[in-house]
file query_5.cif (mmCIF, C-alpha atoms)
data_upload
#
loop_
_atom_site.label_atom_id
_atom_site.label_comp_id
_atom_site.auth_asym_id
_atom_site.auth_seq_id
_atom_site.Cartn_x
_atom_site.Cartn_y
_atom_site.Cartn_z
CA MET A 583 0.00 0.00 0.00
CA PRO A 584 1.24 3.57 -0.60
CA ASP A 585 0.98 4.45 3.08
CA SER A 586 2.76 1.30 4.22
CA SER A 587 6.08 1.68 6.01
CA ALA A 588 7.38 -1.64 4.69
CA GLU A 589 10.23 -1.64 2.21
CA GLN A 590 8.94 -1.41 -1.35
CA PRO A 591 10.42 -3.53 -4.17
CA PRO A 592 12.45 -1.67 -6.81
CA VAL A 593 10.41 -0.29 -9.69
CA ILE A 594 11.65 -0.75 -13.25
CA ARG A 595 11.02 2.53 -15.02
CA ARG A 596 10.27 3.00 -18.70
CA ALA A 597 13.60 4.75 -19.30
CA GLU A 598 15.49 1.74 -17.92
CA VAL A 599 13.54 -0.61 -20.20
CA VAL A 600 14.32 1.59 -23.21
CA ALA A 601 18.00 1.76 -22.28
CA PHE A 602 18.20 -2.03 -21.86
CA THR A 603 16.47 -2.57 -25.20
CA LEU A 604 18.82 -0.19 -27.01
CA ILE A 605 21.89 -1.86 -25.48
CA SER A 606 20.55 -5.30 -26.45
CA LEU A 607 19.98 -4.15 -30.04
CA LEU A 608 23.49 -2.67 -30.12
CA VAL A 609 25.03 -5.94 -28.91
CA ILE A 610 23.04 -7.96 -31.47
CA THR A 611 24.08 -5.57 -34.25
CA VAL A 612 27.77 -5.73 -33.29
CA VAL A 613 27.70 -9.55 -33.15
CA ALA A 614 25.96 -9.70 -36.54
CA VAL A 615 28.53 -7.37 -38.10
CA LEU A 616 31.43 -9.36 -36.64
CA TYR A 617 29.91 -12.58 -37.98
CA VAL A 618 29.15 -11.31 -41.47
CA ALA A 619 32.43 -9.39 -41.86
CA LYS A 620 34.60 -12.15 -40.38
CA ALA A 621 37.11 -12.01 -43.24
CA PHE A 622 37.83 -8.37 -42.38
CA PHE A 623 37.59 -8.21 -38.60
CA LEU A 624 39.20 -11.56 -37.69
CA PRO A 625 42.73 -10.77 -39.00
CA ILE A 626 42.55 -7.26 -37.53
CA VAL A 627 41.49 -8.36 -34.05
CA THR A 628 43.96 -11.27 -34.14
CA ALA A 629 46.77 -8.89 -35.13
CA PHE A 630 45.86 -6.49 -32.31
CA ILE A 631 45.74 -9.28 -29.69
CA VAL A 632 48.91 -11.03 -30.88
CA GLY A 633 50.67 -7.69 -31.37
CA THR A 634 49.87 -6.66 -27.80
CA MET A 635 51.23 -10.02 -26.59
CA LEU A 636 54.47 -9.55 -28.55
CA SER A 637 54.96 -5.85 -27.73
CA PRO A 638 57.02 -6.57 -24.55
CA ALA A 639 59.51 -8.48 -26.72
CA ALA A 640 59.78 -5.50 -29.08
CA THR A 641 60.31 -3.20 -26.09
CA PHE A 642 63.07 -5.50 -24.83
CA LEU A 643 64.84 -5.43 -28.20
CA GLU A 644 64.40 -1.68 -28.40
CA LYS A 645 66.20 -1.27 -25.07
CA HIS A 646 69.14 -3.09 -26.67
CA ARG A 647 69.33 -0.43 -29.41
CA ILE A 648 67.42 -2.31 -32.08
CA PRO A 649 64.91 -0.04 -33.86
CA ARG A 650 61.33 -0.93 -33.12
CA ALA A 651 60.46 -1.40 -36.80
CA VAL A 652 63.33 -3.86 -37.20
CA SER A 653 62.29 -5.58 -33.95
CA ALA A 654 58.76 -6.00 -35.29
CA VAL A 655 60.04 -7.68 -38.47
CA LEU A 656 62.42 -9.93 -36.50
CA ILE A 657 59.73 -11.00 -34.02
CA VAL A 658 57.12 -11.74 -36.68
CA THR A 659 59.69 -13.63 -38.77
CA GLY A 660 60.79 -15.71 -35.78
CA VAL A 661 57.22 -16.55 -34.76
CA THR A 662 56.31 -17.42 -38.34
CA GLY A 663 59.36 -19.68 -38.63
CA GLY A 664 58.42 -21.50 -35.43
CA LEU A 665 54.85 -21.98 -36.61
CA ALA A 666 56.07 -23.24 -40.00
CA PHE A 667 58.30 -25.79 -38.23
CA ILE A 668 55.37 -27.05 -36.14
CA VAL A 669 53.10 -27.24 -39.18
CA GLY A 670 55.80 -29.24 -40.98
CA LEU A 671 55.97 -31.75 -38.13
CA ILE A 672 52.20 -32.16 -38.14
CA SER A 673 51.41 -32.06 -41.86
CA ALA A 674 53.78 -34.81 -43.05
CA PRO A 675 52.19 -37.71 -41.10
CA LEU A 676 48.73 -36.18 -41.59
CA MET A 677 49.06 -36.31 -45.37
CA GLU A 678 50.39 -39.87 -45.18
CA TRP A 679 47.49 -41.04 -43.03
CA THR A 680 44.96 -39.26 -45.24
CA THR A 681 46.07 -41.26 -48.27
CA ARG A 682 45.70 -44.51 -46.28
CA LEU A 683 42.14 -43.91 -45.05
CA PRO A 684 40.56 -46.99 -46.72
CA GLU A 685 43.26 -49.28 -45.28
CA LEU A 686 43.03 -47.64 -41.86
CA GLY A 687 39.25 -47.99 -41.93
CA SER A 688 39.44 -51.76 -42.36
CA LEU A 689 42.08 -52.01 -39.61
CA LEU A 690 39.92 -49.98 -37.24
CA LYS A 691 36.90 -52.15 -38.02
CA ASP A 692 38.88 -55.30 -37.22
CA LYS A 693 40.15 -53.85 -33.93
CA LEU A 694 36.65 -52.82 -32.81
CA HIS A 695 35.06 -56.23 -33.30
CA VAL A 696 34.82 -56.54 -29.50
CA PHE A 697 31.98 -54.02 -29.65
CA ASP A 698 29.94 -56.08 -32.11
CA ARG A 699 27.90 -57.80 -29.40
CA PRO A 700 27.07 -54.60 -27.42
CA LEU A 701 26.12 -52.88 -30.68
CA ALA A 702 23.91 -55.82 -31.65
CA LEU A 703 22.13 -55.62 -28.29
CA TRP A 704 21.69 -51.88 -28.73
CA HIS A 705 20.18 -52.41 -32.20
CA GLN A 706 17.81 -55.03 -30.81
CA MET A 707 16.66 -52.55 -28.14
CA GLN A 708 16.07 -49.95 -30.85
CA VAL A 709 13.89 -52.40 -32.78
CA MET A 710 11.97 -53.35 -29.62
CA PHE A 711 11.15 -49.71 -28.90
CA GLY A 712 9.97 -48.96 -32.41
CA GLY A 713 13.22 -48.29 -34.23
CA SER A 714 13.67 -49.05 -37.92
CA GLU A 715 14.91 -52.53 -38.81
CA SER A 716 17.02 -51.08 -41.63
CA LEU A 717 18.83 -48.76 -39.24
CA ALA A 718 19.55 -51.63 -36.88
CA THR A 719 21.20 -53.67 -39.62
CA THR A 720 23.26 -50.84 -41.07
CA LYS A 721 26.94 -51.75 -41.24
CA PHE A 722 29.71 -49.59 -39.91
CA GLU A 723 31.56 -47.68 -42.66
CA MET A 724 34.41 -45.22 -42.48
CA PRO A 725 33.69 -41.70 -43.73
CA LYS A 726 34.82 -40.96 -47.24
CA ILE A 727 37.58 -38.57 -48.26
CA ASP A 728 34.99 -35.86 -49.04
CA TRP A 729 35.32 -34.41 -45.53
CA VAL A 730 38.99 -33.45 -45.98
CA ALA A 731 38.50 -30.50 -48.34
CA PRO A 732 35.72 -28.79 -46.28
CA THR A 733 37.74 -29.30 -43.08
CA VAL A 734 40.87 -27.75 -44.56
CA GLU A 735 38.79 -24.89 -45.95
CA PHE A 736 37.25 -24.31 -42.50
CA LEU A 737 40.57 -24.41 -40.64
CA SER A 738 42.70 -22.46 -43.12
CA PRO A 739 42.25 -18.72 -43.61
CA THR A 740 42.53 -17.29 -47.10
CA PHE A 741 45.73 -15.80 -48.49
CA THR A 742 44.21 -12.30 -48.24
CA GLU A 743 43.46 -12.80 -44.53
CA PHE A 744 47.03 -14.01 -43.95
CA LEU A 745 48.46 -11.00 -45.80
CA LEU A 746 46.22 -8.57 -43.92
CA PHE A 747 47.12 -10.18 -40.59
CA PHE A 748 50.89 -10.05 -41.09
CA ALA A 749 50.83 -6.48 -42.45
CA ILE A 750 48.74 -5.19 -39.52
CA LEU A 751 50.78 -7.19 -37.01
CA ILE A 752 54.11 -5.70 -38.14
CA LEU A 753 52.69 -2.18 -38.32
CA PHE A 754 50.98 -2.56 -34.93
CA ILE A 755 54.12 -3.72 -33.13
CA ALA A 756 56.24 -1.05 -34.82
CA SER A 757 53.84 1.79 -33.95
CA TRP A 758 52.49 0.56 -30.60
CA LYS A 759 54.25 3.28 -28.59
CA ASP A 760 52.77 6.01 -30.78
CA LEU A 761 49.32 4.42 -30.57
CA ARG A 762 49.55 4.28 -26.78
CA ARG A 763 50.53 7.92 -26.61
CA ALA A 764 47.70 8.93 -28.94
CA MET A 765 45.10 7.01 -26.93
CA VAL A 766 46.31 8.51 -23.65
CA MET A 767 46.54 12.07 -24.95
CA ASN A 768 43.08 11.79 -26.53
CA PHE A 769 41.58 12.58 -23.10
CA ALA A 770 41.74 16.13 -21.77
CA ASP A 771 41.15 15.14 -18.14
CA HIS A 772 44.30 14.17 -16.23
CA GLU A 773 42.55 11.44 -14.26
CA TRP A 774 41.28 9.75 -17.41
CA ARG A 775 44.74 9.91 -18.95
CA LEU A 776 46.17 8.07 -15.96
CA ARG A 777 43.35 5.55 -16.02
CA THR A 778 43.85 4.88 -19.73
CA LEU A 779 47.58 4.46 -19.19
CA ARG A 780 46.96 1.98 -16.36
CA ILE A 781 44.53 0.01 -18.54
CA LEU A 782 46.97 -0.18 -21.47
CA ASN A 783 49.84 -1.18 -19.19
CA ALA A 784 47.72 -3.87 -17.53
CA ILE A 785 46.54 -5.26 -20.88
CA GLU A 786 50.07 -5.37 -22.29
CA THR A 787 51.56 -6.92 -19.16
CA ASN A 788 48.85 -9.54 -18.65
CA LEU A 789 48.55 -10.56 -22.30
CA GLY A 790 52.33 -10.76 -22.69
CA GLY A 791 52.64 -12.81 -19.53
CA TYR A 792 49.71 -15.00 -20.56
CA LEU A 793 51.29 -15.79 -23.94
CA LEU A 794 54.68 -16.56 -22.39
CA ILE A 795 53.29 -18.79 -19.63
CA VAL A 796 50.78 -20.62 -21.83
CA THR A 797 53.43 -21.20 -24.52
CA MET A 798 55.84 -22.67 -21.97
CA ILE A 799 53.11 -24.88 -20.47
CA ASN A 800 51.95 -26.10 -23.87
CA PHE A 801 55.56 -26.70 -24.92
CA GLY A 802 55.95 -28.91 -21.85
CA VAL A 803 52.69 -30.71 -22.65
CA GLY A 804 53.95 -31.34 -26.19
CA ILE A 805 57.28 -32.76 -24.96
CA ALA A 806 55.53 -34.98 -22.40
CA THR A 807 53.04 -36.20 -25.03
CA GLY A 808 55.90 -36.98 -27.43
CA LEU A 809 57.65 -38.99 -24.72
CA ILE A 810 54.43 -40.86 -23.94
CA CYS A 811 54.00 -41.69 -27.62
CA ALA A 812 57.63 -42.82 -27.91
CA VAL A 813 57.38 -45.07 -24.83
CA THR A 814 54.13 -46.63 -26.04
CA ALA A 815 55.57 -47.20 -29.56
CA MET A 816 53.18 -44.79 -31.28
CA PRO A 817 54.13 -43.71 -34.83
CA ASN A 818 55.71 -40.26 -35.30
CA PRO A 819 55.90 -39.17 -31.63
CA ALA A 820 57.41 -35.80 -32.60
CA GLY A 821 54.45 -34.93 -34.80
CA LEU A 822 51.94 -36.04 -32.17
CA GLY A 823 53.76 -34.00 -29.53
CA ALA A 824 53.71 -30.92 -31.76
CA LEU A 825 50.01 -31.47 -32.41
CA ALA A 826 49.32 -31.77 -28.67
CA ALA A 827 51.20 -28.51 -27.98
CA THR A 828 49.27 -26.72 -30.73
CA LEU A 829 45.82 -28.01 -29.74
CA ASN A 830 46.45 -27.14 -26.10
CA PHE A 831 46.21 -23.44 -27.03
CA PHE A 832 42.47 -24.09 -27.44
CA PRO A 833 41.07 -24.72 -23.94
CA ILE A 834 38.80 -27.73 -23.41
CA ILE A 835 38.32 -28.46 -27.13
CA GLY A 836 42.01 -28.99 -27.89
CA PRO A 837 42.73 -31.68 -25.25
CA VAL A 838 39.52 -33.52 -26.12
CA ALA A 839 40.46 -33.57 -29.81
CA MET A 840 43.98 -34.75 -28.95
CA PHE A 841 42.59 -37.58 -26.82
CA VAL A 842 40.42 -38.74 -29.73
CA ILE A 843 43.42 -38.60 -32.09
CA LEU A 844 45.67 -40.56 -29.72
CA ALA A 845 42.96 -43.15 -29.12
CA GLY A 846 42.33 -43.58 -32.84
CA VAL A 847 46.01 -43.80 -33.77
CA GLY A 848 46.74 -46.14 -30.88
CA VAL A 849 43.88 -48.51 -31.68
CA ILE A 850 44.88 -48.68 -35.36
CA THR A 851 48.61 -49.19 -34.85
CA SER A 852 48.66 -51.43 -31.74
CA ALA A 853 48.19 -55.17 -31.60
CA THR A 854 45.37 -55.07 -29.04
CA LEU A 855 42.68 -52.58 -28.09
CA GLY A 856 43.98 -52.18 -24.55
CA ALA A 857 47.53 -51.45 -25.67
CA GLY A 858 46.24 -48.88 -28.13
CA LEU A 859 44.49 -46.89 -25.41
CA VAL A 860 47.53 -46.64 -23.11
CA ALA A 861 48.84 -43.42 -24.69
CA ALA A 862 45.39 -41.82 -24.64
CA ALA A 863 44.92 -42.75 -20.97
CA ALA A 864 48.35 -41.36 -20.08
CA PHE A 865 47.49 -38.15 -21.95
CA VAL A 866 44.31 -37.83 -19.88
CA GLY A 867 46.40 -38.01 -16.71
CA LEU A 868 48.84 -35.46 -18.11
CA THR A 869 46.13 -32.97 -19.05
CA PHE A 870 44.41 -33.49 -15.69
CA ILE A 871 47.58 -32.51 -13.84
CA GLU A 872 48.22 -29.60 -16.20
CA GLY A 873 44.64 -28.31 -16.15
CA HIS A 874 43.97 -28.69 -12.41
CA PHE A 875 47.34 -27.97 -10.82
CA VAL A 876 49.96 -26.43 -13.13
CA THR A 877 47.97 -23.85 -15.12
CA PRO A 878 45.70 -22.66 -12.25
CA THR A 879 48.70 -22.32 -9.93
CA ILE A 880 50.69 -20.21 -12.39
CA ILE A 881 48.00 -18.20 -14.20
CA GLY A 882 45.74 -17.95 -11.16
CA ARG A 883 48.31 -15.75 -9.46
CA ARG A 884 47.98 -13.19 -12.25
CA LEU A 885 44.31 -13.36 -13.22
CA GLN A 886 41.25 -15.00 -11.71
CA LEU A 887 39.60 -16.70 -14.70
CA ASN A 888 36.28 -18.36 -13.89
CA ALA A 889 35.94 -21.78 -15.53
CA LEU A 890 32.35 -21.11 -16.63
CA ALA A 891 33.32 -17.75 -18.11
CA VAL A 892 36.21 -19.36 -20.01
CA PHE A 893 33.93 -22.08 -21.39
CA LEU A 894 31.21 -19.62 -22.46
CA ALA A 895 33.78 -17.32 -24.08
CA LEU A 896 35.32 -20.30 -25.87
CA ALA A 897 31.93 -21.49 -27.13
CA PHE A 898 30.86 -18.01 -28.28
CA TRP A 899 34.05 -16.99 -30.10
CA THR A 900 34.47 -20.44 -31.67
CA TRP A 901 30.93 -20.20 -33.01
CA LEU A 902 31.54 -16.67 -34.23
CA TRP A 903 35.02 -16.99 -35.78
CA GLY A 904 35.89 -20.68 -35.85
CA PRO A 905 39.20 -22.10 -34.54
CA MET A 906 40.92 -18.69 -34.41
CA GLY A 907 38.02 -17.43 -32.33
CA GLY A 908 38.71 -20.24 -29.86
CA PHE A 909 42.35 -19.15 -29.69
CA LEU A 910 41.30 -15.53 -29.03
CA ALA A 911 38.63 -16.40 -26.45
CA SER A 912 40.84 -16.33 -23.35
CA PRO A 913 42.84 -13.19 -24.34
CA ILE A 914 39.60 -11.32 -25.11
CA LEU A 915 38.20 -12.45 -21.76
CA ILE A 916 41.36 -11.18 -20.04
CA VAL A 917 40.97 -7.79 -21.74
CA GLY A 918 37.33 -7.65 -20.63
CA LEU A 919 38.26 -8.43 -17.01
CA ILE A 920 40.93 -5.71 -17.04
CA LEU A 921 38.47 -3.15 -18.42
CA LYS A 922 35.91 -4.13 -15.79
CA GLU A 923 38.47 -3.85 -13.01
CA HIS A 924 39.58 -0.33 -14.03
CA LEU A 925 36.28 1.14 -15.23
CA MET A 926 33.82 -0.19 -12.67
CA PRO A 927 33.57 2.04 -9.58
CA GLU A 928 35.10 0.68 -6.40
CA ASP A 929 32.01 1.51 -4.33
CA THR A 930 29.82 -0.97 -6.25
CA PRO A 931 27.24 -2.46 -3.84
CA GLN A 932 28.19 -5.93 -2.65
CA LEU A 933 25.90 -8.85 -1.90
CA PRO A 934 25.25 -9.47 1.80
CA PRO A 935 27.08 -12.40 3.39
CA ASN A 936 25.32 -15.76 3.57
#

call {"tool": "encode", "arguments": {"input": "query_5.cif", "output": "C-alpha cells"}}
result
Amino acid sequence: MPDSSAEQPPVIRRAEVVAFTLISLLVITVVAVLYVAKAFFLPIVTAFIVGTMLSPAATFLEKHRIPRAVSAVLIVTGVTGGLAFIVGLISAPLMEWTTRLPELGSLLKDKLHVFDRPLALWHQMQVMFGGSESLATTKFEMPKIDWVAPTVEFLSPTFTEFLLFFAILILFIASWKDLRRAMVMNFADHEWRLRTLRILNAIETNLGGYLLIVTMINFGVGIATGLICAVTAMPNPAGLGALAATLNFFPIIGPVAMFVILAGVGVITSATLGAGLVAAAAFVGLTFIEGHFVTPTIIGRRLQLNALAVFLALAFWTWLWGPMGGFLASPILIVGLILKEHLMPEDTPQLPPN
C-alpha cells in the first residue's frame, strides 16, 4: 500500500527498459557485423591481440638499441618460422594417413570387433522400442575422403586474410608506442589519462605474460606427449607431440580432440585394443595434472579466470570466428576483465554475506 512503512520492491522505469532494449539491439548488431564481416575483422582483431602479446619483446629489443620497426620484423619472422616448423611436423604424417584412409578404416573395423555384441544388443533394443529394422542392420563404414577439403577450408584462412594479418601485425608492433601515446593524450582530463595508461599497461603486461606462460606450459605438454608416444611405440611421436602442444592453445576443445586422435592412432597401430588406449589414458592423466594444478597455480596468481566464463567465451568466439576465435577467447576475456576492473567504480554495492 502507498501508506505502508514496509520496504517497497524496486520499480523498473520505462527509461530503464528503453536503455536495456537499445543496449541489447546494439550488442546484437555488433555480433551480426562481426559474424558477417569475419574475413575483415578476424585478421585485424587477431593482429591487435597477438601484437599486444608480442609488444614486450619489441620493447626489450628496443632497449638493446634495435629499432622498433626492425624488432617487429624480426619478431614476426621468428614466430612465423616457429609456426612453420610445427606445421611441418604435423602435416607430413597427416598427409600420409589421409592417403591410407581406406586401409586404416578396415584395420579400425577389425580392432573394434569386440563391440559387435554390445552394438547388436543396442540395435535389438532400438527395434523393440519402435526403431527401424534397416537402421539396426546398417553396417559400420568409415567416412569418405569428401570431408577433408571442407575441413581444410574451415581451418585455413585465405591468403588475403594471412596477408592482412601479417601487415597489420608488423605495423601494430612497430607503432604501438605512438598508438599508446595517442590514446592517452586523446583525453583532456588528467585522471582519465592516468586511467587509460593503467589500462593499457595492464593489458600489455597480462597478455604478454599470458602468452609466455601458456606457450611454456603447452611446450611442456607437447614434450611430455611426445615422450608418452615414444614409450608406447606410437608412430611419429614428434608430430603427435607438436600437435598436442598446438591443440592445447584451445582450452577444453584442444585436449579432447587430442585424446580422440591418440585413441584412434593407438587402436589402429597397436596389436590389441587395450595397448592402443595406453597413450590416450596417459594423456588424460597429463592434461588433468596440467589443467587442475599447473595452469591454475601459475595463471591464477595473475588473473582469476572463472571456468564457466572461459567455457562460455570459448563457445561463443568459436561459433563466431571458428578455430581462431577459440584461440582468441581467453585473451579477449582477459581484456574484458581488465576493463571491468579499471572502469567499474570501487564503491559498487556488494551482496550481503550468507

call {"tool": "atom_distance", "arguments": {"input": "query_5.cif", "atom1": "atom CA of Thr641 of chain A", "atom2": "atom CA of Ile920 of chain A"}}
result
21.5 Å

call {"tool": "residues_around", "arguments": {"input": "query_5.cif", "residues": "Tyr617 of chain A", "least_positions_apart": "2", "cutoff": "12 Å", "atoms": "only C-alpha atoms", "output": "PyMOL selection string"}}
result
chain A and resi 610-615+619-624+898-904+907

call {"tool": "write_last_selection", "arguments": {"input": "query_5.cif", "atoms": "C-alpha atoms", "output": "mmCIF file, keeping the file's coordinate frame"}}
result
data_model
loop_
_atom_site.group_PDB
_atom_site.id
_atom_site.type_symbol
_atom_site.label_atom_id
_atom_site.label_comp_id
_atom_site.auth_asym_id
_atom_site.auth_seq_id
_atom_site.Cartn_x
_atom_site.Cartn_y
_atom_site.Cartn_z
ATOM 1 C CA ILE A 610 23.040 -7.960 -31.470
ATOM 2 C CA THR A 611 24.080 -5.570 -34.250
ATOM 3 C CA VAL A 612 27.770 -5.730 -33.290
ATOM 4 C CA VAL A 613 27.700 -9.550 -33.150
ATOM 5 C CA ALA A 614 25.960 -9.700 -36.540
ATOM 6 C CA VAL A 615 28.530 -7.370 -38.100
ATOM 7 C CA ALA A 619 32.430 -9.390 -41.860
ATOM 8 C CA LYS A 620 34.600 -12.150 -40.380
ATOM 9 C CA ALA A 621 37.110 -12.010 -43.240
ATOM 10 C CA PHE A 622 37.830 -8.370 -42.380
ATOM 11 C CA PHE A 623 37.590 -8.210 -38.600
ATOM 12 C CA LEU A 624 39.200 -11.560 -37.690
ATOM 13 C CA PHE A 898 30.860 -18.010 -28.280
ATOM 14 C CA TRP A 899 34.050 -16.990 -30.100
ATOM 15 C CA THR A 900 34.470 -20.440 -31.670
ATOM 16 C CA TRP A 901 30.930 -20.200 -33.010
ATOM 17 C CA LEU A 902 31.540 -16.670 -34.230
ATOM 18 C CA TRP A 903 35.020 -16.990 -35.780
ATOM 19 C CA GLY A 904 35.890 -20.680 -35.850
ATOM 20 C CA GLY A 907 38.020 -17.430 -32.330
#

call {"tool": "resolve_selection", "arguments": {"input": "query_5.cif", "expression": "the PyMOL selection byres ((chain A and resi 784-788) around 9)", "output": "JSON, numbers by chain"}}
result
{"A": [634, 635, 636, 637, 638, 779, 780, 781, 782, 783, 789, 790, 791, 792, 793, 884, 885, 916, 917, 920, 921]}

call {"tool": "closest_residue", "arguments": {"input": "query_5.cif", "among": "A:Ala853, A:Ala651, A:Met840, A:Val661", "to": "Gly823 of chain A", "atoms": "all atoms listed in the file"}}
result
A:Met840

call {"tool": "residues_near_point", "arguments": {"input": "query_5.cif", "point": "(48.2, -51.0, -24.6)", "cutoff": "12 Å", "atoms": "all atoms listed in the file", "output": "ChimeraX atom specification"}}
result
/A:810-811,813-816,844-845,847-864

call {"tool": "closest_residue", "arguments": {"input": "query_5.cif", "among": "A:Ile626, A:Ile795, A:Ile750, A:Leu825", "to": "Thr879 of chain A", "atoms": "all atoms listed in the file"}}
result
A:Ile795

call {"tool": "atom_distance", "arguments": {"input": "query_5.cif", "atom1": "atom CA of Ile672 of chain A", "atom2": "atom CA of Gly821 of chain A"}}
result
4.9 Å

call {"tool": "atom_distance", "arguments": {"input": "query_5.cif", "atom1": "atom CA of Val892 of chain A", "atom2": "atom CA of Leu607 of chain A"}}
result
24.4 Å

call {"tool": "resolve_selection", "arguments": {"input": "query_5.cif", "expression": "the PyMOL selection byres ((chain A and resi 669) around 12)", "output": "number ranges by chain"}}
result
A: 662-668, 670-677, 820-825, 827-829

call {"tool": "decode", "arguments": {"input": "query_5.cif", "residues": "segment 619-646 of chain A", "atoms": "C-alpha atoms", "output": "CSV table (one decimal), in the first residue's frame"}}
result
chain,number,residue,atom,x,y,z
A,619,ALA,CA,32.4,-9.4,-41.9
A,620,LYS,CA,34.6,-12.2,-40.4
A,621,ALA,CA,37.1,-12.0,-43.2
A,622,PHE,CA,37.8,-8.4,-42.4
A,623,PHE,CA,37.6,-8.2,-38.6
A,624,LEU,CA,39.2,-11.6,-37.7
A,625,PRO,CA,42.7,-10.8,-39.0
A,626,ILE,CA,42.6,-7.3,-37.5
A,627,VAL,CA,41.5,-8.4,-34.0
A,628,THR,CA,44.0,-11.3,-34.1
A,629,ALA,CA,46.8,-8.9,-35.1
A,630,PHE,CA,45.9,-6.5,-32.3
A,631,ILE,CA,45.7,-9.3,-29.7
A,632,VAL,CA,48.9,-11.0,-30.9
A,633,GLY,CA,50.7,-7.7,-31.4
A,634,THR,CA,49.9,-6.7,-27.8
A,635,MET,CA,51.2,-10.0,-26.6
A,636,LEU,CA,54.5,-9.5,-28.5
A,637,SER,CA,55.0,-5.9,-27.7
A,638,PRO,CA,57.0,-6.6,-24.6
A,639,ALA,CA,59.5,-8.5,-26.7
A,640,ALA,CA,59.8,-5.5,-29.1
A,641,THR,CA,60.3,-3.2,-26.1
A,642,PHE,CA,63.1,-5.5,-24.8
A,643,LEU,CA,64.8,-5.4,-28.2
A,644,GLU,CA,64.4,-1.7,-28.4
A,645,LYS,CA,66.2,-1.3,-25.1
A,646,HIS,CA,69.1,-3.1,-26.7
